[in-house]
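K.L.:
So I've got this file, query_37.tsv, and it contains TSV, C-alpha atoms:
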chain	number	residue	atom	x	y	z
A	21	MET	CA	119.31	93.31	79.56
A	22	PRO	CA	120.74	89.87	78.78
A	23	ASP	CA	121.75	89.28	82.40
A	24	ALA	CA	118.49	90.53	83.94
A	25	ARG	CA	117.08	88.27	86.61
A	26	ALA	CA	113.62	86.78	86.45
A	27	ALA	CA	110.87	86.13	88.99
A	28	ILE	CA	107.60	84.24	89.16
A	29	ILE	CA	104.85	85.75	91.33
A	30	THR	CA	101.58	83.98	92.04
A	31	GLY	CA	98.56	86.15	92.79
A	32	ALA	CA	100.01	89.06	90.83
A	33	ALA	CA	96.79	90.47	89.35
A	34	SER	CA	96.23	92.70	92.37
A	35	GLY	CA	97.41	93.68	95.83
A	36	ILE	CA	100.87	92.74	97.01
A	37	GLY	CA	101.61	90.71	93.88
A	38	ARG	CA	100.82	93.63	91.61
A	39	ALA	CA	102.92	96.02	93.71
A	40	LEU	CA	105.83	93.56	93.71
A	41	SER	CA	105.68	93.21	89.93
A	42	ALA	CA	106.13	96.98	89.59
A	43	HIS	CA	108.87	96.97	92.23
A	44	TYR	CA	110.79	94.32	90.33
A	45	ALA	CA	110.34	96.16	87.04
A	46	ALA	CA	112.00	99.22	88.56
A	47	ARG	CA	114.91	96.96	89.56
A	48	GLY	CA	115.24	95.49	86.08
A	49	VAL	CA	113.88	92.08	87.10
A	50	HIS	CA	111.69	90.34	84.51
A	51	VAL	CA	108.39	89.00	85.85
A	52	VAL	CA	105.98	86.17	85.13
A	53	ILE	CA	102.67	87.60	86.33
A	54	GLY	CA	100.66	84.76	87.80
A	55	THR	CA	96.90	85.14	87.61
A	56	PHE	CA	94.09	82.78	88.61
A	57	PRO	CA	91.55	82.30	85.81
A	58	GLY	CA	88.64	83.16	88.14
A	59	ASP	CA	90.25	86.29	89.59
A	60	PRO	CA	88.08	89.36	88.88
A	61	HIS	CA	91.15	91.61	88.79
A	62	ASP	CA	92.79	92.38	85.47
A	63	PRO	CA	96.41	91.21	85.12
A	64	GLU	CA	96.77	93.55	82.16
A	65	GLU	CA	96.78	96.40	84.67
A	66	THR	CA	99.76	94.78	86.38
A	67	LEU	CA	101.47	94.39	83.03
A	68	LYS	CA	100.94	98.07	82.28
A	69	LEU	CA	102.52	99.05	85.60
A	70	VAL	CA	105.53	96.90	84.76
A	71	GLU	CA	105.88	98.38	81.30
A	72	ASP	CA	105.43	101.93	82.60
A	73	ALA	CA	108.34	101.24	84.96
A	74	GLY	CA	110.46	100.15	82.01
A	75	GLY	CA	110.23	96.46	82.83
A	76	LYS	CA	109.40	93.31	80.96
A	77	ALA	CA	106.75	90.76	81.93
A	78	VAL	CA	104.45	88.06	80.65
A	79	ILE	CA	101.05	87.03	81.98
A	80	LYS	CA	100.52	83.36	82.77
A	81	GLU	CA	97.43	81.74	84.24
A	82	VAL	CA	98.14	79.52	87.23
A	83	ASP	CA	95.99	77.56	89.64
A	84	VAL	CA	98.11	76.77	92.69
A	85	ARG	CA	95.77	73.85	93.51
A	86	SER	CA	97.22	72.02	90.51
A	87	THR	CA	100.78	70.71	90.41
A	88	ASP	CA	100.74	70.62	86.60
A	89	SER	CA	99.57	74.23	86.44
A	90	VAL	CA	102.26	75.44	88.84
A	91	GLU	CA	104.96	73.48	87.00
A	92	SER	CA	103.89	75.10	83.73
A	93	PHE	CA	103.89	78.48	85.42
A	94	ALA	CA	107.47	78.13	86.64
A	95	GLU	CA	108.57	76.80	83.27
A	96	GLU	CA	107.27	80.00	81.67
A	97	SER	CA	110.14	81.92	83.23
A	98	LEU	CA	112.65	79.71	81.42
A	99	SER	CA	110.71	79.89	78.16
A	100	SER	CA	110.28	83.66	78.22
A	101	PHE	CA	113.43	84.84	79.96
A	102	GLY	CA	115.85	81.91	79.90
A	103	ARG	CA	116.21	81.75	83.67
A	104	LEU	CA	114.47	81.81	87.05
A	105	ASP	CA	115.99	83.54	90.06
A	106	TYR	CA	113.12	84.38	92.40
A	107	ALA	CA	109.94	82.50	93.28
A	108	ILE	CA	107.24	84.36	95.22
A	109	ALA	CA	104.35	82.37	96.68
A	110	ASN	CA	101.76	85.09	97.13
A	111	ALA	CA	98.47	83.58	95.96
A	112	GLY	CA	95.91	82.95	98.67
A	113	ILE	CA	92.25	82.88	99.56
A	114	LEU	CA	90.37	84.05	102.64
A	115	ARG	CA	87.08	82.54	103.79
A	116	ASN	CA	85.05	83.12	106.92
A	117	ALA	CA	84.00	79.90	108.71
A	118	ALA	CA	83.13	79.47	112.38
A	119	LEU	CA	84.36	76.25	113.93
A	120	ASP	CA	80.92	74.64	113.97
A	121	SER	CA	80.55	75.27	110.23
A	122	LEU	CA	84.15	74.46	109.29
A	123	THR	CA	83.58	71.33	107.26
A	124	ASP	CA	86.34	69.01	106.10
A	125	GLU	CA	85.81	70.35	102.60
A	126	LYS	CA	86.26	73.99	103.65
A	127	TRP	CA	89.37	73.05	105.63
A	128	THR	CA	90.89	71.09	102.75
A	129	ASP	CA	90.10	73.76	100.16
A	130	MET	CA	91.79	76.45	102.25
A	131	LEU	CA	94.95	74.47	102.92
A	132	ASP	CA	95.15	73.36	99.29
A	133	VAL	CA	95.59	76.99	98.23
A	134	ASP	CA	97.17	78.77	101.18
A	135	LEU	CA	99.63	76.08	102.28
A	136	THR	CA	99.99	73.32	99.70
A	137	GLY	CA	99.85	75.97	96.97
A	138	VAL	CA	102.89	77.58	98.58
A	139	LEU	CA	104.66	74.22	98.61
A	140	ARG	CA	103.92	73.71	94.92
A	141	THR	CA	105.25	77.16	94.07
A	142	LEU	CA	108.48	76.78	96.04
A	143	ARG	CA	109.03	73.23	94.82
A	144	SER	CA	108.57	74.08	91.17
A	145	GLY	CA	110.70	77.17	91.54
A	146	ALA	CA	113.56	75.33	93.24
A	147	ALA	CA	113.63	72.73	90.48
A	148	ARG	CA	114.31	75.43	87.88
A	149	MET	CA	116.15	78.04	89.87
A	150	SER	CA	119.78	78.94	89.54
A	151	ASP	CA	121.90	78.34	92.63
A	152	GLY	CA	122.00	81.53	94.63
A	153	GLY	CA	118.32	82.33	94.01
A	154	ALA	CA	115.71	83.33	96.55
A	155	MET	CA	112.15	82.45	97.46
A	156	VAL	CA	109.59	84.26	99.61
A	157	ALA	CA	106.22	83.04	100.85
A	158	VAL	CA	103.50	85.38	102.07
A	159	SER	CA	102.05	84.44	105.45
A	160	SER	CA	99.82	86.62	107.67
A	161	ILE	CA	99.64	87.91	111.23
A	162	ALA	CA	96.54	85.70	111.44
A	163	GLY	CA	98.24	82.41	112.17
A	164	GLY	CA	101.74	83.79	111.82
A	165	VAL	CA	101.29	85.74	115.09
A	166	TYR	CA	97.69	85.90	116.24
A	167	GLY	CA	94.67	83.66	116.26
A	168	TRP	CA	91.54	84.85	114.43
A	169	GLU	CA	88.05	83.76	115.31
A	170	GLU	CA	86.06	82.16	112.49
A	171	HIS	CA	89.27	81.75	110.47
A	172	ALA	CA	90.93	78.69	112.02
A	173	HIS	CA	91.60	77.10	108.62
A	174	TYR	CA	93.20	80.28	107.27
A	175	ALA	CA	95.32	80.80	110.37
A	176	ALA	CA	96.47	77.17	110.34
A	177	ALA	CA	97.57	77.47	106.72
A	178	LYS	CA	99.44	80.72	107.32
A	179	ALA	CA	101.16	79.28	110.40
A	180	GLY	CA	102.15	76.24	108.36
A	181	VAL	CA	103.84	78.47	105.80
A	182	LEU	CA	106.40	79.49	108.43
A	183	GLY	CA	107.40	75.90	109.19
A	184	LEU	CA	107.54	75.10	105.50
A	185	VAL	CA	109.87	78.02	104.79
A	186	ARG	CA	112.22	77.12	107.64
A	187	SER	CA	112.61	73.56	106.42
A	188	VAL	CA	113.02	74.56	102.78
A	189	ALA	CA	115.73	77.03	103.83
A	190	VAL	CA	117.69	74.25	105.52
A	191	GLU	CA	117.28	71.87	102.61
A	192	LEU	CA	118.27	74.38	99.93
A	193	GLY	CA	121.03	76.06	101.93
A	194	PRO	CA	123.80	74.04	100.21
A	195	ARG	CA	122.61	75.54	96.90
A	196	LYS	CA	122.70	79.02	98.45
A	197	ILE	CA	118.99	79.39	97.72
A	198	ARG	CA	117.33	81.48	100.40
A	199	ALA	CA	113.77	80.89	101.58
A	200	ASN	CA	112.01	83.41	103.79
A	201	ALA	CA	108.51	84.52	104.68
A	202	VAL	CA	106.87	87.87	105.14
A	203	ILE	CA	104.07	88.26	107.66
A	204	PRO	CA	101.93	91.20	106.57
A	205	GLY	CA	99.84	92.92	109.19
A	206	LEU	CA	96.72	94.81	108.19
A	207	ILE	CA	97.34	95.76	104.56
A	208	GLU	CA	94.82	97.47	102.29
A	209	THR	CA	94.33	94.86	99.59
A	210	PRO	CA	91.24	93.53	97.79
A	211	GLN	CA	91.29	90.60	100.23
A	212	SER	CA	91.23	92.70	103.40
A	213	LEU	CA	88.66	95.08	101.87
A	214	ASP	CA	86.22	92.17	101.55
A	215	PRO	CA	83.54	92.92	104.20
A	216	VAL	CA	82.24	89.34	104.22
A	217	ASN	CA	85.40	87.31	104.73
A	218	SER	CA	87.67	90.00	106.20
A	219	LEU	CA	87.47	93.41	107.85
A	220	GLY	CA	86.11	95.48	104.98
A	221	PRO	CA	86.80	99.22	104.46
A	222	GLU	CA	85.25	100.42	107.71
A	223	GLY	CA	86.86	97.65	109.75
A	224	LEU	CA	90.26	98.47	108.28
A	225	LYS	CA	89.80	102.15	109.04
A	226	ARG	CA	88.96	101.42	112.67
A	227	ALA	CA	91.82	98.94	113.02
A	228	GLY	CA	94.27	101.43	111.58
A	229	GLN	CA	93.64	103.77	114.50
A	230	ASP	CA	95.10	101.17	116.86
A	231	ILE	CA	98.32	100.70	114.88
A	232	PRO	CA	101.33	102.67	116.16
A	233	TRP	CA	102.03	103.87	112.61
A	234	GLY	CA	98.54	105.38	112.60
A	235	ARG	CA	97.19	103.56	109.55
A	236	VAL	CA	96.99	100.20	107.81
A	237	GLY	CA	99.76	99.26	105.43
A	238	ARG	CA	99.97	99.56	101.66
A	239	PRO	CA	100.82	96.72	99.25
A	240	GLU	CA	103.92	98.61	98.12
A	241	GLU	CA	105.29	98.53	101.65
A	242	VAL	CA	105.15	94.74	101.74
A	243	ALA	CA	106.48	94.48	98.19
A	244	SER	CA	109.60	96.46	99.08
A	245	VAL	CA	110.33	94.03	101.93
A	246	ILE	CA	109.99	91.06	99.58
A	247	GLY	CA	112.28	92.89	97.21
A	248	PHE	CA	114.83	93.24	100.00
A	249	LEU	CA	114.59	89.53	100.85
A	250	THR	CA	115.37	88.64	97.24
A	251	SER	CA	118.19	91.15	96.86
A	252	GLU	CA	121.89	90.86	97.47
A	253	ASP	CA	121.41	93.04	100.56
A	254	SER	CA	119.88	90.03	102.35
A	255	VAL	CA	122.27	87.36	101.12
A	256	TYR	CA	122.81	85.88	104.61
A	257	ILE	CA	119.14	85.85	105.65
A	258	THR	CA	117.28	82.58	105.22
A	259	GLY	CA	114.60	80.63	107.07
A	260	GLN	CA	113.28	83.82	108.66
A	261	SER	CA	109.86	85.44	108.96
A	262	LEU	CA	109.71	89.22	108.79
A	263	ILE	CA	106.65	91.01	110.18
A	264	VAL	CA	105.47	94.06	108.23
A	265	ASP	CA	102.75	95.61	110.37
A	266	GLY	CA	103.47	99.20	111.41
A	267	GLY	CA	104.10	98.07	114.98
A	268	LEU	CA	100.73	96.37	115.49
A	269	THR	CA	102.09	93.19	117.06
A	270	VAL	CA	104.41	94.93	119.52
A	271	LYS	CA	101.92	97.42	120.93
A	272	MET	CA	100.97	96.84	124.55
A	273	ARG	CA	97.24	96.74	125.12
A	274	ALA	CA	95.79	98.42	128.19
Go through the file and emit its structure as structure tokens.
P.N.:
Amino acid sequence: MPDARAAIITGAASGIGRALSAHYAARGVHVVIGTFPGDPHDPEETLKLVEDAGGKAVIKEVDVRSTDSVESFAEESLSSFGRLDYAIANAGILRNAALDSLTDEKWTDMLDVDLTGVLRTLRSGAARMSDGGAMVAVSSIAGGVYGWEEHAHYAAAKAGVLGLVRSVAVELGPRKIRANAVIPGLIETPQSLDPVNSLGPEGLKRAGQDIPWGRVGRPEEVASVIGFLTSEDSVYITGQSLIVDGGLTVKMRA
């Protein structure tokens, strides 16, 4: 497909990034699968999903803490596919730290990945993107909507993503490049299944009972929303934050 569009996705070795890679493959969008060198998940499994869906992708290591690494990552789309149309800032970390143990180093490390890493991804993408492209950053209901005890650094980063996206949308509007955010609720990903830094399997199961939809979300359900926000069906949507949570944030508590 000589006119096929191309996307870069950070954090694509698992979870939402993996699901989005497969979603794009089904749409005929070529993908640069971003994977962190220390990630225990296998990006080859993402590649197989893409190929099984009839798509085309390449795997590229990227550390969003490094500007040079992110620039090289975005450049891979031009080298492999001759274009870049969509940039998805999905990579993130989650660490538990109570306020009295939240050192400057822990704070800085979190923001370097979960906020500045998003900036690096959007900035490098915009520099190489065709006019009329689209960018999406992944936030979280922790920070994007709610506070979360023992996760102030994470919530601050995810809240910052929303302000970043709004400003980028205004700045890139003249180029007709859209910038939006998704705010996932409780989604069953390797990150949320971590019992040390997040809810873990049992915590997710309990939380799902309080969601109007009756369960936690699936990565594919967030991926399809990102797909919408980078499709022609959302051409007049920019600077927005779309919550994907099964009704969790609108449920009245007794």
K.L.:
Give me, please, the distance in Å between atom CA of A:Tyr44 and atom CA of A:Ala162, quoted to one decimal.
P.N.:
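Between these atoms lies a distance of 26.9 Å.
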K.L.:
Leaving out A:Pro57 and any residue of its chain fewer than 2 positions from it, which residues lie within 8 Å of it when counting only C-alpha atoms, given as number ranges by chain?
P.N.:
A: 55, 59, 81-83
K.L.:
For a quick check of understanding, using all atoms listed in the file, which of A:Leu206, A:Ile197, A:Leu131, A:Ile231 has the smallest distance to A:Ala179?
P.N.:
A:Leu131
K.L.:
So that I can check the surroundings of A:Leu67, please list as a PyMOL selection string every protein, DNA and RNA residue that reaches within 12 Å of it, counting only C-alpha atoms and ignoring chain neighbours fewer than 4 positions away.
P.N.:
chain A and resi 32-34+37-42+44-45+50-55+62-63+71-80
K.L.:
Using only C-alpha atoms, can you tell me which of A:Val90, A:Val156, A:Ala27, A:Ser121 comes closest to A:Leu104?
P.N.:
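Looking only at the distances to A:Leu104, the closest residue turns out to be A:Ala27.
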K.L.:
Give me the stretch 69-126 of chain A side of the contact with stretch 135-149 of chain A, cut-off 7 Å, one line per residue showing its nearest atom pair and distance in Å at one decimal, counting only C-alpha atoms, sorted by chain and residue number, as a tab-separated table.
P.N.:
residue	atom	partner	partner_atom	distance
A:Val84	CA	A:Gly137	CA	4.7
A:Arg85	CA	A:Gly137	CA	5.8
A:Thr87	CA	A:Arg140	CA	6.3
A:Val90	CA	A:Thr141	CA	6.3
A:Glu91	CA	A:Ser144	CA	5.5
A:Ala94	CA	A:Gly145	CA	5.9
A:Leu104	CA	A:Met149	CA	5.0
A:Asp105	CA	A:Met149	CA	5.5
A:Ala107	CA	A:Gly145	CA	5.7
A:Ala109	CA	A:Val138	CA	5.4
K.L.:
Determine the nearest neighbour of A:Ala199 from the options A:Val49, A:Ile246, A:Ala26, A:Val264, counting only C-alpha atoms.
P.N.:
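Among A:Val49, A:Ile246, A:Ala26, A:Val264, it is A:Ile246 that comes nearest to A:Ala199.
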K.L.:
Measure the distance from atom CA of A:Glu222 to atom CA of A:Gly237 in Å and round it to one decimal.
P.N.:
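Separating atom CA of A:Glu222 from atom CA of A:Gly237 is a distance of 14.7 Å.
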